[in-house]
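The structure file protein.cif is reproduced below (mmCIF, C-alpha atoms and all ligand atoms).
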```cif
data_upload
#
loop_
_atom_site.label_atom_id
_atom_site.label_comp_id
_atom_site.auth_asym_id
_atom_site.auth_seq_id
_atom_site.Cartn_x
_atom_site.Cartn_y
_atom_site.Cartn_z
CA THR O 1 0.00 0.00 0.00
CA PRO O 2 2.69 2.61 0.83
CA LEU O 3 3.94 2.18 -2.72
CA TYR O 4 0.74 3.67 -3.96
CA SER O 5 -0.25 6.10 -1.24
CA SER O 6 3.17 7.76 -0.80
CA ALA O 7 2.88 9.12 -4.29
CA ALA O 8 -0.82 9.83 -3.86
CA SER O 9 -0.56 13.43 -4.91
CA ASP O 10 0.55 12.58 -8.42
CA VAL O 11 -1.39 9.35 -8.79
CA TYR O 12 -4.57 9.71 -10.67
CA LYS O 13 -4.49 6.35 -12.32
CA ARG O 14 -1.99 3.59 -12.95
CA GLN O 15 -1.79 0.05 -14.09
CA VAL O 16 0.54 -2.01 -11.89
CA TYR O 17 1.79 -5.60 -12.36
CA ASP O 18 3.40 -7.74 -9.71
CA LEU O 19 5.87 -9.97 -11.55
CA SER O 20 6.18 -12.42 -8.67
CA ILE O 21 2.56 -13.40 -9.31
CA ILE O 22 3.28 -14.20 -12.97
CA GLU O 23 6.15 -16.34 -11.74
CA SER O 24 4.03 -18.21 -9.20
CA GLN O 25 1.22 -18.75 -11.71
CA ASN O 26 3.77 -20.20 -14.12
CA LYS O 27 5.01 -22.55 -11.39
CA LYS O 28 1.44 -23.73 -10.75
CA LEU O 29 1.08 -24.57 -14.45
CA GLN O 30 4.44 -26.34 -14.68
CA ASN O 31 3.56 -28.30 -11.60
CA ALA O 32 0.17 -29.37 -12.92
CA PHE O 33 1.68 -30.47 -16.25
CA LYS O 34 4.77 -32.12 -14.80
CA ASN O 35 3.66 -35.62 -15.83
CA LEU O 36 3.30 -34.66 -19.48
CA ASP O 37 6.58 -35.55 -21.15
CA ASN O 38 6.45 -33.16 -24.03
CA TYR O 39 4.75 -29.79 -23.65
CA LYS O 40 5.32 -26.07 -24.05
CA ILE O 41 3.49 -23.04 -22.69
CA HIS O 42 2.92 -20.13 -25.06
CA PHE O 43 1.69 -16.91 -23.47
CA ALA O 44 -1.30 -15.27 -25.20
CA ALA O 45 0.14 -11.84 -25.97
CA LYS O 46 -3.31 -10.43 -26.65
CA SER O 47 -3.97 -10.41 -22.92
CA LEU O 48 -0.96 -8.22 -22.06
CA SER O 49 1.79 -7.08 -24.38
CA ASN O 50 3.89 -4.58 -22.50
CA ILE O 51 7.45 -5.18 -23.70
CA SER O 52 8.95 -5.49 -20.21
CA ILE O 53 6.35 -8.04 -19.21
CA LEU O 54 6.87 -10.03 -22.41
CA LYS O 55 10.62 -10.06 -21.82
CA PHE O 56 10.05 -11.27 -18.30
CA ILE O 57 7.75 -14.02 -19.57
CA ASN O 58 10.27 -14.99 -22.25
CA ASN O 59 12.91 -15.33 -19.51
CA LEU O 60 10.65 -17.84 -17.77
CA GLY O 61 11.10 -20.11 -20.80
CA ILE O 62 7.63 -19.50 -22.19
CA GLY O 63 6.79 -19.18 -25.91
CA LEU O 64 4.29 -16.81 -27.51
CA ASP O 65 0.77 -17.03 -28.94
CA ALA O 66 0.41 -14.11 -31.37
CA VAL O 67 -2.81 -13.12 -33.12
CA SER O 68 -1.50 -10.32 -35.33
CA ILE O 69 1.63 -9.49 -37.29
CA GLU O 70 2.21 -6.69 -34.79
CA GLU O 71 2.26 -9.15 -31.89
CA VAL O 72 4.63 -11.35 -33.92
CA LYS O 73 7.02 -8.43 -34.39
CA ILE O 74 6.78 -7.36 -30.75
CA GLY O 75 7.48 -10.97 -29.74
CA ILE O 76 10.59 -11.11 -31.92
CA LYS O 77 11.72 -7.76 -30.51
CA CYS O 78 11.31 -9.15 -27.00
CA GLY O 79 13.63 -12.05 -27.81
CA PHE O 80 11.17 -14.91 -28.26
CA ASN O 81 12.62 -17.68 -30.37
CA LYS O 82 10.91 -17.60 -33.79
CA ASN O 83 9.97 -21.24 -33.67
CA GLU O 84 8.37 -20.63 -30.31
CA ILE O 85 6.04 -17.96 -31.67
CA LEU O 86 2.83 -19.41 -33.02
CA TYR O 87 0.88 -16.95 -35.13
CA THR O 88 -2.89 -17.66 -35.12
CA PRO O 89 -4.63 -14.99 -37.17
CA ASN O 90 -8.32 -14.89 -38.00
CA GLY O 91 -9.52 -13.44 -41.28
CA VAL O 92 -6.38 -11.41 -41.99
CA SER O 93 -5.15 -10.50 -45.47
CA PHE O 94 -2.84 -13.00 -47.13
CA SER O 95 -0.09 -10.39 -47.27
CA GLU O 96 0.05 -10.49 -43.46
CA ILE O 97 0.36 -14.27 -43.48
CA LYS O 98 3.17 -13.97 -46.06
CA GLU O 99 4.94 -11.49 -43.83
CA ALA O 100 4.70 -13.84 -40.86
CA LYS O 101 6.07 -16.65 -43.04
CA SER O 102 9.00 -14.49 -44.11
CA LEU O 103 9.72 -13.67 -40.48
CA GLY O 104 10.06 -17.40 -39.83
CA VAL O 105 7.43 -17.91 -37.14
CA LYS O 106 5.04 -20.85 -36.95
CA ILE O 107 1.70 -20.40 -38.63
CA ASN O 108 -1.70 -21.67 -37.55
CA LEU O 109 -4.50 -21.05 -40.08
CA ASP O 110 -8.19 -21.30 -39.48
CA SER O 111 -9.95 -21.39 -42.85
CA LEU O 112 -9.78 -23.68 -45.88
CA GLU O 113 -9.58 -20.55 -48.01
CA SER O 114 -6.41 -19.24 -46.39
CA ILE O 115 -4.87 -22.73 -46.27
CA LYS O 116 -5.46 -23.12 -50.01
CA GLU O 117 -3.77 -19.80 -50.74
CA PHE O 118 -0.93 -20.70 -48.40
CA SER O 119 -0.38 -24.06 -50.14
CA GLU O 120 -0.23 -22.36 -53.55
CA HIS O 121 2.59 -20.12 -52.34
CA TYR O 122 4.35 -22.59 -50.09
CA PRO O 123 3.62 -26.18 -51.18
CA ASN O 124 4.60 -28.81 -48.64
CA HIS O 125 5.41 -26.33 -45.90
CA SER O 126 4.36 -27.31 -42.42
CA ILE O 127 1.32 -25.62 -41.02
CA SER O 128 -0.87 -25.95 -38.03
CA VAL O 129 -4.65 -25.76 -38.42
CA ARG O 130 -7.23 -24.41 -36.01
CA ILE O 131 -10.26 -26.64 -35.64
CA ASN O 132 -13.68 -25.51 -34.47
CA PRO O 133 -14.72 -28.26 -32.07
CA GLY O 134 -18.42 -27.34 -32.04
CA ILE O 135 -18.46 -26.85 -28.26
CA TYR O 136 -20.09 -23.95 -26.45
CA ALA O 137 -17.79 -22.99 -23.58
CA GLY O 138 -16.65 -19.76 -21.96
CA GLY O 139 -17.50 -17.24 -19.27
CA ASN O 140 -19.93 -15.32 -21.45
CA GLU O 141 -21.29 -15.30 -24.97
CA LYS O 142 -18.64 -12.91 -26.33
CA ILE O 143 -15.72 -15.05 -25.30
CA SER O 144 -17.22 -18.45 -26.21
CA VAL O 145 -15.66 -19.07 -29.59
CA GLY O 146 -15.62 -22.82 -30.18
CA HIS O 147 -19.28 -23.37 -31.08
CA SER O 148 -20.73 -24.09 -34.49
CA ASN O 149 -21.86 -20.49 -35.09
CA SER O 150 -18.46 -19.04 -34.29
CA LYS O 151 -16.23 -17.53 -36.97
CA PHE O 152 -13.17 -19.31 -35.58
CA GLY O 153 -11.59 -22.54 -36.78
CA ILE O 154 -12.41 -25.10 -39.42
CA PRO O 155 -15.72 -26.76 -38.65
CA GLU O 156 -15.60 -30.50 -38.17
CA GLU O 157 -17.74 -31.14 -41.23
CA PHE O 158 -14.97 -29.64 -43.41
CA ILE O 159 -12.19 -31.79 -42.05
CA GLU O 160 -12.60 -34.33 -44.84
CA ASP O 161 -12.10 -31.47 -47.32
CA LEU O 162 -8.94 -30.52 -45.48
CA ILE O 163 -7.68 -34.08 -45.73
CA LYS O 164 -8.44 -34.09 -49.48
CA MET O 165 -6.56 -30.81 -49.83
CA ASP O 166 -3.69 -32.47 -48.04
CA LYS O 167 -3.30 -34.74 -51.08
CA VAL O 168 -4.21 -32.38 -53.92
CA ASN O 169 -2.71 -29.11 -52.71
CA LYS O 170 0.26 -30.62 -50.99
CA ILE O 171 -0.37 -29.14 -47.60
CA LYS O 172 1.49 -30.60 -44.69
CA VAL O 173 -0.54 -30.39 -41.51
CA THR O 174 1.88 -30.90 -38.66
CA GLY O 175 -0.17 -29.25 -35.93
CA LEU O 176 -3.78 -29.04 -34.82
CA HIS O 177 -5.13 -26.27 -32.61
CA VAL O 178 -8.27 -25.77 -30.58
CA HIS O 179 -9.35 -22.83 -28.40
CA THR O 180 -12.91 -23.16 -27.19
CA GLY O 181 -13.30 -20.05 -25.09
CA SER O 182 -12.05 -17.98 -22.19
CA ASP O 183 -12.96 -18.34 -18.49
CA ILE O 184 -14.03 -21.96 -18.95
CA THR O 185 -15.34 -23.19 -15.63
CA LYS O 186 -16.49 -26.69 -16.45
CA ASN O 187 -13.72 -29.22 -16.82
CA ASN O 188 -15.92 -31.49 -18.91
CA GLN O 189 -16.02 -28.76 -21.57
CA PHE O 190 -12.24 -28.83 -21.72
CA GLU O 191 -12.29 -32.61 -21.79
CA LYS O 192 -14.71 -32.69 -24.73
CA GLY O 193 -12.38 -30.42 -26.71
CA ILE O 194 -9.29 -32.43 -25.78
CA LYS O 195 -10.91 -35.73 -26.80
CA LYS O 196 -12.15 -34.27 -30.05
CA ILE O 197 -8.84 -32.80 -31.15
CA PHE O 198 -6.89 -35.98 -30.34
CA SER O 199 -9.36 -38.07 -32.30
CA ILE O 200 -9.14 -35.69 -35.28
CA ALA O 201 -5.34 -35.89 -35.02
CA THR O 202 -5.41 -39.58 -35.96
CA LYS O 203 -6.46 -38.53 -39.47
CA PHE O 204 -3.29 -36.52 -40.12
CA LYS O 205 -0.24 -38.59 -40.94
CA ASN O 206 2.31 -35.78 -40.43
CA ILE O 207 0.93 -34.62 -37.10
CA GLU O 208 3.55 -33.57 -34.55
CA SER O 209 1.80 -31.25 -32.13
CA ILE O 210 -1.55 -30.38 -30.60
CA ASP O 211 -2.25 -26.92 -29.26
CA LEU O 212 -5.02 -26.73 -26.67
CA GLY O 213 -5.36 -22.94 -26.62
CA GLY O 214 -6.11 -20.98 -23.45
CA GLY O 215 -9.28 -20.51 -21.45
CA ILE O 216 -8.28 -21.60 -17.95
CA LYS O 217 -10.61 -19.92 -15.46
CA ILE O 218 -9.06 -18.14 -12.53
CA PRO O 219 -11.14 -17.04 -9.53
CA TYR O 220 -12.11 -13.34 -9.43
CA PHE O 221 -13.14 -13.41 -5.77
CA LEU O 222 -12.89 -15.68 -2.77
CA GLY O 223 -14.98 -18.77 -3.44
CA ASP O 224 -15.36 -18.10 -7.18
CA THR O 225 -15.26 -21.08 -9.56
CA GLU O 226 -11.99 -22.01 -11.18
CA THR O 227 -10.67 -24.63 -13.56
CA ASN O 228 -9.37 -27.67 -11.74
CA LEU O 229 -5.85 -27.70 -13.17
CA ASN O 230 -5.03 -31.23 -12.05
CA ASP O 231 -8.14 -32.66 -13.68
CA TYR O 232 -7.38 -30.68 -16.81
CA ALA O 233 -3.81 -31.97 -16.89
CA SER O 234 -4.92 -35.58 -16.28
CA ALA O 235 -7.40 -35.39 -19.15
CA VAL O 236 -4.62 -34.21 -21.46
CA GLN O 237 -2.21 -36.82 -20.19
CA HIS O 238 -4.77 -39.57 -20.69
CA GLU O 239 -5.40 -38.66 -24.35
CA HIS O 240 -1.72 -38.06 -24.98
CA LYS O 241 -0.81 -41.53 -23.74
CA LYS O 242 -3.67 -43.16 -25.62
CA PHE O 243 -2.51 -41.48 -28.83
CA LYS O 244 1.04 -42.64 -28.23
CA ASN O 245 -0.07 -46.22 -27.60
CA ASN O 246 -2.20 -46.25 -30.77
CA THR O 247 0.16 -44.50 -33.16
CA GLY O 248 3.61 -44.64 -31.59
CA LYS O 249 3.77 -40.85 -31.81
CA ASP O 250 4.73 -38.64 -28.88
CA LEU O 251 2.90 -35.43 -29.73
CA LYS O 252 4.10 -32.11 -28.39
CA ILE O 253 1.33 -30.40 -26.43
CA ILE O 254 1.04 -26.63 -26.45
CA PHE O 255 -0.98 -24.52 -24.01
CA GLU O 256 -1.77 -20.85 -24.58
CA PRO O 257 -2.79 -19.28 -21.29
CA GLY O 258 -3.39 -15.55 -21.11
CA LYS O 259 -5.53 -14.89 -18.03
CA PHE O 260 -4.03 -17.69 -15.97
CA LEU O 261 -0.55 -16.22 -16.19
CA VAL O 262 -1.23 -12.50 -15.82
CA SER O 263 -4.76 -11.64 -14.67
CA ASP O 264 -3.99 -11.84 -10.97
CA SER O 265 -0.73 -9.95 -11.31
CA GLY O 266 -2.45 -6.74 -12.43
CA TYR O 267 -3.99 -3.93 -10.38
CA PHE O 268 -5.74 -0.95 -11.85
CA ILE O 269 -5.62 2.03 -9.51
CA THR O 270 -7.64 5.19 -9.79
CA LYS O 271 -8.73 8.11 -7.62
CA VAL O 272 -12.17 9.05 -6.35
CA ASN O 273 -13.36 12.40 -7.68
CA TYR O 274 -16.73 12.57 -5.93
CA ILE O 275 -19.27 10.52 -4.07
CA LYS O 276 -22.58 11.40 -5.67
CA LYS O 277 -25.69 10.30 -3.91
CA SER O 278 -28.96 9.51 -5.59
CA LYS O 279 -32.14 7.90 -4.28
CA ASN O 280 -30.99 4.35 -4.92
CA ASN O 281 -27.25 4.69 -5.38
CA ASN O 282 -24.13 5.81 -3.70
CA PHE O 283 -22.17 6.57 -6.85
CA VAL O 284 -18.40 6.67 -6.52
CA GLN O 285 -17.15 8.70 -9.46
CA VAL O 286 -13.58 7.74 -10.28
CA ASN O 287 -11.03 9.50 -12.43
CA SER O 288 -11.19 6.83 -15.14
CA GLY O 289 -13.76 4.86 -17.08
CA PHE O 290 -14.41 1.95 -19.40
CA ASN O 291 -11.84 3.39 -21.78
CA HIS O 292 -9.15 2.23 -19.33
CA PHE O 293 -10.81 -0.86 -17.96
CA ILE O 294 -13.48 -2.28 -20.21
CA ARG O 295 -14.12 -5.77 -18.84
CA PRO O 296 -16.88 -4.84 -16.35
CA THR O 297 -18.97 -3.02 -18.95
CA LEU O 298 -18.21 -5.24 -21.95
CA TYR O 299 -18.58 -8.62 -20.27
CA ASN O 300 -20.30 -7.71 -17.05
CA SER O 301 -17.27 -9.18 -15.35
CA TYR O 302 -16.67 -8.92 -11.63
CA HIS O 303 -13.48 -7.28 -10.39
CA GLU O 304 -12.91 -6.90 -6.71
CA VAL O 305 -12.46 -3.29 -5.57
CA ILE O 306 -10.26 -2.35 -2.63
CA ASN O 307 -10.10 1.06 -1.04
CA LEU O 308 -6.34 1.44 -0.72
CA SER O 309 -6.64 4.69 1.23
CA ASN O 310 -8.94 3.22 3.88
CA PRO O 311 -8.90 -0.56 3.59
CA ASN O 312 -10.19 -1.64 6.99
CA ASP O 313 -13.14 0.60 7.79
CA GLN O 314 -16.81 -0.37 7.92
CA LYS O 315 -18.16 -1.52 4.59
CA GLU O 316 -20.82 0.42 2.77
CA GLU O 317 -22.61 -0.15 -0.50
CA TYR O 318 -21.29 1.74 -3.51
CA THR O 319 -21.68 1.75 -7.26
CA VAL O 320 -18.35 2.67 -8.82
CA VAL O 321 -18.73 4.53 -12.09
CA GLY O 322 -16.36 6.17 -14.54
CA TYR O 323 -16.25 9.60 -16.16
CA ILE O 324 -17.01 8.45 -19.69
CA CYS O 325 -20.03 10.02 -21.33
CA GLU O 326 -21.87 6.69 -21.40
CA LYS O 327 -22.97 4.22 -18.82
CA ASP O 328 -19.68 2.88 -17.50
CA THR O 329 -20.35 1.04 -14.29
CA LEU O 330 -17.15 -0.53 -13.05
CA ALA O 331 -18.61 -2.18 -9.95
CA ASN O 332 -22.30 -2.40 -9.18
CA LYS O 333 -23.73 -2.18 -5.63
CA ARG O 334 -20.57 -3.40 -3.95
CA ARG O 335 -19.75 -3.42 -0.27
CA ILE O 336 -16.43 -1.59 0.04
CA SER O 337 -14.59 -0.13 3.04
CA LYS O 338 -15.84 3.45 3.55
CA ILE O 339 -14.85 5.65 0.60
CA SER O 340 -14.14 9.41 0.68
CA LYS O 341 -13.28 11.94 -2.00
CA GLY O 342 -9.61 11.57 -3.00
CA ASP O 343 -9.28 7.91 -1.97
CA LEU O 344 -7.41 5.52 -4.22
CA LEU O 345 -9.37 2.50 -5.37
CA CYS O 346 -7.75 -0.62 -6.72
CA PHE O 347 -9.43 -3.02 -9.16
CA LYS O 348 -8.07 -6.53 -8.94
CA ASN O 349 -7.45 -9.03 -11.74
CA ALA O 350 -6.64 -6.23 -14.14
CA GLY O 351 -3.53 -7.85 -15.63
CA ALA O 352 -5.19 -9.66 -18.53
CA TYR O 353 -7.23 -7.74 -21.11
CA GLY O 354 -7.00 -4.61 -18.96
CA PHE O 355 -4.48 -2.19 -20.41
CA ASN O 356 -4.47 -4.14 -23.69
CA MET O 357 -8.13 -3.36 -24.28
CA SER O 358 -7.87 0.26 -23.22
CA ASN O 359 -8.50 3.07 -25.68
CA ASN O 360 -8.70 6.84 -26.05
CA TYR O 361 -12.48 7.24 -26.10
CA ASN O 362 -13.60 10.72 -25.03
CA SER O 363 -10.02 11.75 -25.94
CA ARG O 364 -8.83 10.37 -22.64
CA LEU O 365 -5.19 9.45 -22.18
CA ARG O 366 -3.94 6.05 -21.10
CA PRO O 367 -2.24 5.79 -17.71
CA ALA O 368 1.32 4.69 -17.01
CA GLU O 369 2.14 1.01 -16.53
CA LEU O 370 4.40 0.00 -13.66
CA CYS O 371 5.75 -3.26 -12.38
CA ILE O 372 6.79 -4.52 -9.00
CA HIS O 373 9.87 -6.69 -9.26
CA ASN O 374 12.39 -7.72 -6.62
CA ASN O 375 10.85 -5.34 -4.07
CA SER O 376 11.10 -2.28 -6.23
CA ILE O 377 8.60 -0.54 -8.45
CA LYS O 378 9.54 0.47 -11.98
CA LYS O 379 7.72 2.38 -14.68
CA ILE O 380 7.37 0.22 -17.81
CA ARG O 381 5.27 2.57 -19.92
CA GLU O 382 4.85 6.32 -19.70
CA LYS O 383 1.40 7.78 -19.26
CA GLU O 384 0.18 9.29 -22.49
CA ASN O 385 0.00 13.00 -23.06
CA LEU O 386 -2.10 15.05 -25.44
CA GLU O 387 0.71 15.11 -27.97
CA ASP O 388 0.72 11.31 -28.17
CA LEU O 389 -2.96 11.52 -28.93
CA LEU O 390 -2.57 14.10 -31.67
CA ASN O 391 0.71 12.86 -33.05
CA LEU O 392 -0.66 11.15 -36.13
CA SER O 393 -3.38 13.65 -36.91
CA LEU O 394 -2.90 15.78 -40.00
CA ILE O 395 -4.42 19.21 -40.23
CA HIS O 396 -5.60 20.08 -43.71
CA ILE O 397 -8.19 22.65 -42.91
CA SER O 398 -6.92 26.10 -43.74
CA GLU O 399 -7.58 29.32 -41.85
CA PRO O 400 -11.13 29.77 -40.61
CA THR O 401 -13.40 31.45 -43.10
CA ARG O 402 -16.10 33.77 -41.87
CA ARG O 403 -19.45 33.01 -43.33
CA TYR O 404 -21.21 36.11 -42.14
CA ALA O 405 -20.03 39.65 -42.24
CA ILE O 406 -20.01 41.20 -38.80
N1 LIG Y 501 -5.38 -18.84 -27.53
C1 LIG Y 501 -6.25 -18.32 -28.40
C2 LIG Y 501 -6.26 -18.80 -29.77
C3 LIG Y 501 -7.15 -17.32 -27.99
O1 LIG Y 501 -8.02 -16.81 -28.86
C4 LIG Y 501 -7.10 -16.84 -26.66
C5 LIG Y 501 -8.00 -15.78 -26.21
C6 LIG Y 501 -6.16 -17.41 -25.78
C7 LIG Y 501 -5.32 -18.42 -26.24
C8 LIG Y 501 -6.03 -16.98 -24.33
O2 LIG Y 501 -7.19 -17.21 -23.61
P1 LIG Y 501 -7.20 -16.98 -22.01
O3 LIG Y 501 -6.26 -18.01 -21.40
O4 LIG Y 501 -6.72 -15.61 -21.74
O5 LIG Y 501 -8.59 -17.19 -21.60
N2 LIG Y 501 -11.05 -10.11 -23.77
C9 LIG Y 501 -11.70 -11.26 -23.20
C10 LIG Y 501 -10.98 -12.54 -23.51
C11 LIG Y 501 -10.82 -12.77 -24.99
C12 LIG Y 501 -10.03 -14.01 -25.27
C13 LIG Y 501 -9.64 -14.08 -26.71
N3 LIG Y 501 -8.83 -15.21 -26.99
C14 LIG Y 501 -11.82 -11.08 -21.68
O6 LIG Y 501 -11.33 -10.08 -21.15
O7 LIG Y 501 -12.45 -11.91 -21.02
#
```
Would you write out, as structure tokens, the structure that this file holds?
Ligand code: LLP
Amino acid sequence: TPLYSSAASDVYKRQVYDLSIIESQNKKLQNAFKNLDNYKIHFAAKSLSNISILKFINNLGIGLDAVSIEEVKIGIKCGFNKNEILYTPNGVSFSEIKEAKSLGVKINLDSLESIKEFSEHYPNHSISVRINPGIYAGGNEKISVGHSNSKFGIPEEFIEDLIKMDKVNKIKVTGLHVHTGSDITKNNQFEKGIKKIFSIATKFKNIESIDLGGGIKIPYFLGDTETNLNDYASAVQHEHKKFKNNTGKDLKIIFEPGKFLVSDSGYFITKVNYIKKSKNNNFVQVNSGFNHFIRPTLYNSYHEVINLSNPNDQKEEYTVVGYICEKDTLANKRRISKISKGDLLCFKNAGAYGFNMSNNYNSRLRPAELCIHNNSIKKIREKENLEDLLNLSLIHISEPTRRYAI
């Protein structure tokens, strides 16, 4: 707490990451997967892509899951080994895929159309293919992406076409990939996906790896549901062994956690401007909004709020809202230790999809990012200023013209 409150006068909002939590989350994963002989963790850069954090994650021996050419380039800049960057785009132009190929990273395609174009340019090159398992799983509708109406992956009913293409177009499928959704609570949903992808893998003679995507659910509050990691790992191990016994092949298993590695490490801190009372609400108006922290409004997600300035007082009911000119409730009817004007509030679990989903709506500037590492706190991104916001704008309107004579 002193880290935040000592600098209270200049703090209006910050995004802070505790690197020791990323490290301990990584240990939990490694421990759960310790009985798998051949696996690799790739961090989902979409969840958090600050360069210092990515370098830290790279130093932990983790690879990268990149969704865009920009993430690929950032990953290379941060020192990730090119063959440990798996690029999984969705609906991008072929020129972007070509660029990724020329950079030498691994490619995972998710439509027959893009695979066909790829095979025409690069016959017999290894690719990985994202499959749509036809399973509805995820914390909410927006982040459930493995069902039959989702735009992601090759639907099961097209797998035979893919196999035919394998012969005609000379494609070499060496990897299969599945990502069903994010915040998956039910282990049986994971298990269904795991079983499905391993059974599909038997149809591909050049198969070397299976990527199980991300989606592990972490708890957002005490007593919240979470993925049972040991059950998840046992389900993978079971299918992995079965595959090995049936085919003699020891597939490499890839996991792509985003939230599991970084959600808990992140704190979003902002200051209270006013407490505004209405008949039914005790609104706490903070010096931020859904432009900085969009998960509560976009997904209705729950993030614990702590009053850093007065953590142990009596709890009262508050609705924490932002300053954006739209409804931007950040926490609804929450019991929080008594809040006064000027207090610093901290939103927990802001490490994943927090800063990375922030934007400049209402011409608001993004806050600084900081990290806590080895008992010291370091700035890892400057807060934006108005110049950053206007930097790319071009003015092509000449001097004002008066329409009316005075
Ligand atoms: N792999 C692939 C192919 C993905 O699409 C994703 C997330 C992940 C891995 C990492 O999933 P995770 O372990 O973080 O659940 N903005 C949303 C989440 C969107 C997830 C998109 N894909 C949220 O804040 O809940």
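Minimum atom-to-atom distances from O:Gly104, O:Pro311, O:Gly266, O:Gly138 to ligand LIG 501 (chain Y) were compared using only C-alpha atoms and all ligand atoms, and the lowest value belongs to O:Gly138.
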Discussion item. For a quick check of understanding, using only C-alpha atoms and all ligand atoms, which of O:Ile216, O:Ala201, O:Ala32, O:Ile171 has the smallest distance to ligand LIG 501 (chain Y)?
Written reply: O:Ile216
Fill in: Nearest to Glu208 (chain O) by atom-to-atom distance, counting all atoms listed in the file, from O:Phe243, O:Phe190, O:Tyr323, O:Phe80
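Ranking O:Phe243, O:Phe190, O:Tyr323, O:Phe80 by distance to Glu208 (chain O), first place goes to O:Phe243.
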Worksheet item: Separation of CA of Ile306 (chain O) and CA of Glu141 (chain O), in Å?
Response: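 Atom-to-atom, CA of Ile306 (chain O) to CA of Glu141 (chain O), that is 28.1 Å.
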Discussion item. So the first atom is CA of Glu304 (chain O) and the second is CA of Ile336 (chain O); what is the distance between them in Å, to one decimal place?
Written reply: 9.3 Å
Worksheet item: If we count only C-alpha atoms, what is near Asn206 (chain O) at a cut-off of 10 Å, once residues fewer than 6 positions away on the same chain are taken out, given as a PyMOL selection string?
Response: chain O and resi 126+172-175
Worksheet, complete the sentence: In Å and to one decimal, CA of His42 (chain O) is distant from CA of Ala352 (chain O) by 14.8 Å
Discussion item. So that I can check the surroundings of Thr247 (chain O), please list as a ChimeraX atom specification every protein, DNA and RNA residue that reaches within 10 Å of it, counting all atoms listed in the file and ignoring chain neighbours fewer than 5 positions away.
Written reply: /O:202,205,241-242
Discussion item. If we count only C-alpha atoms and set the cut-off at 12 Å, which residues sit around Ser182 (chain O), ignoring sequence neighbours fewer than 6 positions away in its own chain? Please answer as a PyMOL selection string.
Written reply: chain O and resi 44+47+136-146+189-190+213-218+226-227+256-260+299+352-353
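Candidate residues O:Ile53, O:Leu109, O:Leu345, O:Leu103 were compared for distance to ligand LIG 501 (chain Y), and the nearest is O:Leu109, using all atoms listed in the file.
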Fewer than 3 positions away in the same chain doesn't count, so skip those; otherwise give me all residues within 12 Å of region 382-389 of chain O, counting only C-alpha atoms, as a PDB file with C-alpha atoms, keeping the file's coordinate frame.
```pdb
ATOM      1  CA  ASP O  10       0.550  12.580  -8.420  1.00  0.00           C
ATOM      2  CA  VAL O  11      -1.390   9.350  -8.790  1.00  0.00           C
ATOM      3  CA  TYR O  12      -4.570   9.710 -10.670  1.00  0.00           C
ATOM      4  CA  LYS O  13      -4.490   6.350 -12.320  1.00  0.00           C
ATOM      5  CA  ARG O  14      -1.990   3.590 -12.950  1.00  0.00           C
ATOM      6  CA  GLN O  15      -1.790   0.050 -14.090  1.00  0.00           C
ATOM      7  CA  ASN O  50       3.890  -4.580 -22.500  1.00  0.00           C
ATOM      8  CA  HIS O 292      -9.150   2.230 -19.330  1.00  0.00           C
ATOM      9  CA  PHE O 355      -4.480  -2.190 -20.410  1.00  0.00           C
ATOM     10  CA  ASN O 359      -8.500   3.070 -25.680  1.00  0.00           C
ATOM     11  CA  ASN O 360      -8.700   6.840 -26.050  1.00  0.00           C
ATOM     12  CA  TYR O 361     -12.480   7.240 -26.100  1.00  0.00           C
ATOM     13  CA  ASN O 362     -13.600  10.720 -25.030  1.00  0.00           C
ATOM     14  CA  SER O 363     -10.020  11.750 -25.940  1.00  0.00           C
ATOM     15  CA  ARG O 364      -8.830  10.370 -22.640  1.00  0.00           C
ATOM     16  CA  LEU O 365      -5.190   9.450 -22.180  1.00  0.00           C
ATOM     17  CA  ARG O 366      -3.940   6.050 -21.100  1.00  0.00           C
ATOM     18  CA  PRO O 367      -2.240   5.790 -17.710  1.00  0.00           C
ATOM     19  CA  ALA O 368       1.320   4.690 -17.010  1.00  0.00           C
ATOM     20  CA  GLU O 369       2.140   1.010 -16.530  1.00  0.00           C
ATOM     21  CA  LEU O 370       4.400   0.000 -13.660  1.00  0.00           C
ATOM     22  CA  LYS O 378       9.540   0.470 -11.980  1.00  0.00           C
ATOM     23  CA  LYS O 379       7.720   2.380 -14.680  1.00  0.00           C
ATOM     24  CA  LEU O 392      -0.660  11.150 -36.130  1.00  0.00           C
ATOM     25  CA  SER O 393      -3.380  13.650 -36.910  1.00  0.00           C
ATOM     26  CA  LEU O 394      -2.900  15.780 -40.000  1.00  0.00           C
TER      27      LEU O 394
END
```
Discussion item. Just checking: using only C-alpha atoms, which residue out of O:Asn187, O:Ser102, O:Gln25, O:Ser376 ends up closest to Val236 (chain O)?
Written reply: O:Asn187
Worksheet item: Using only C-alpha atoms, which of O:Ile380, O:Ala235, O:Ile69, O:Cys325 sits nearest Leu54 (chain O)?
Response: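 Using only C-alpha atoms, the shortest distance to Leu54 (chain O) belongs to O:Ile380.
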Worksheet entry | Neighbour list for Asn281 (chain O) as a ChimeraX atom specification, cut-off 10 Å, all atoms listed in the file, skip fewer than 2 positions in-chain | /O:275-279,283-284,317-320,332-333
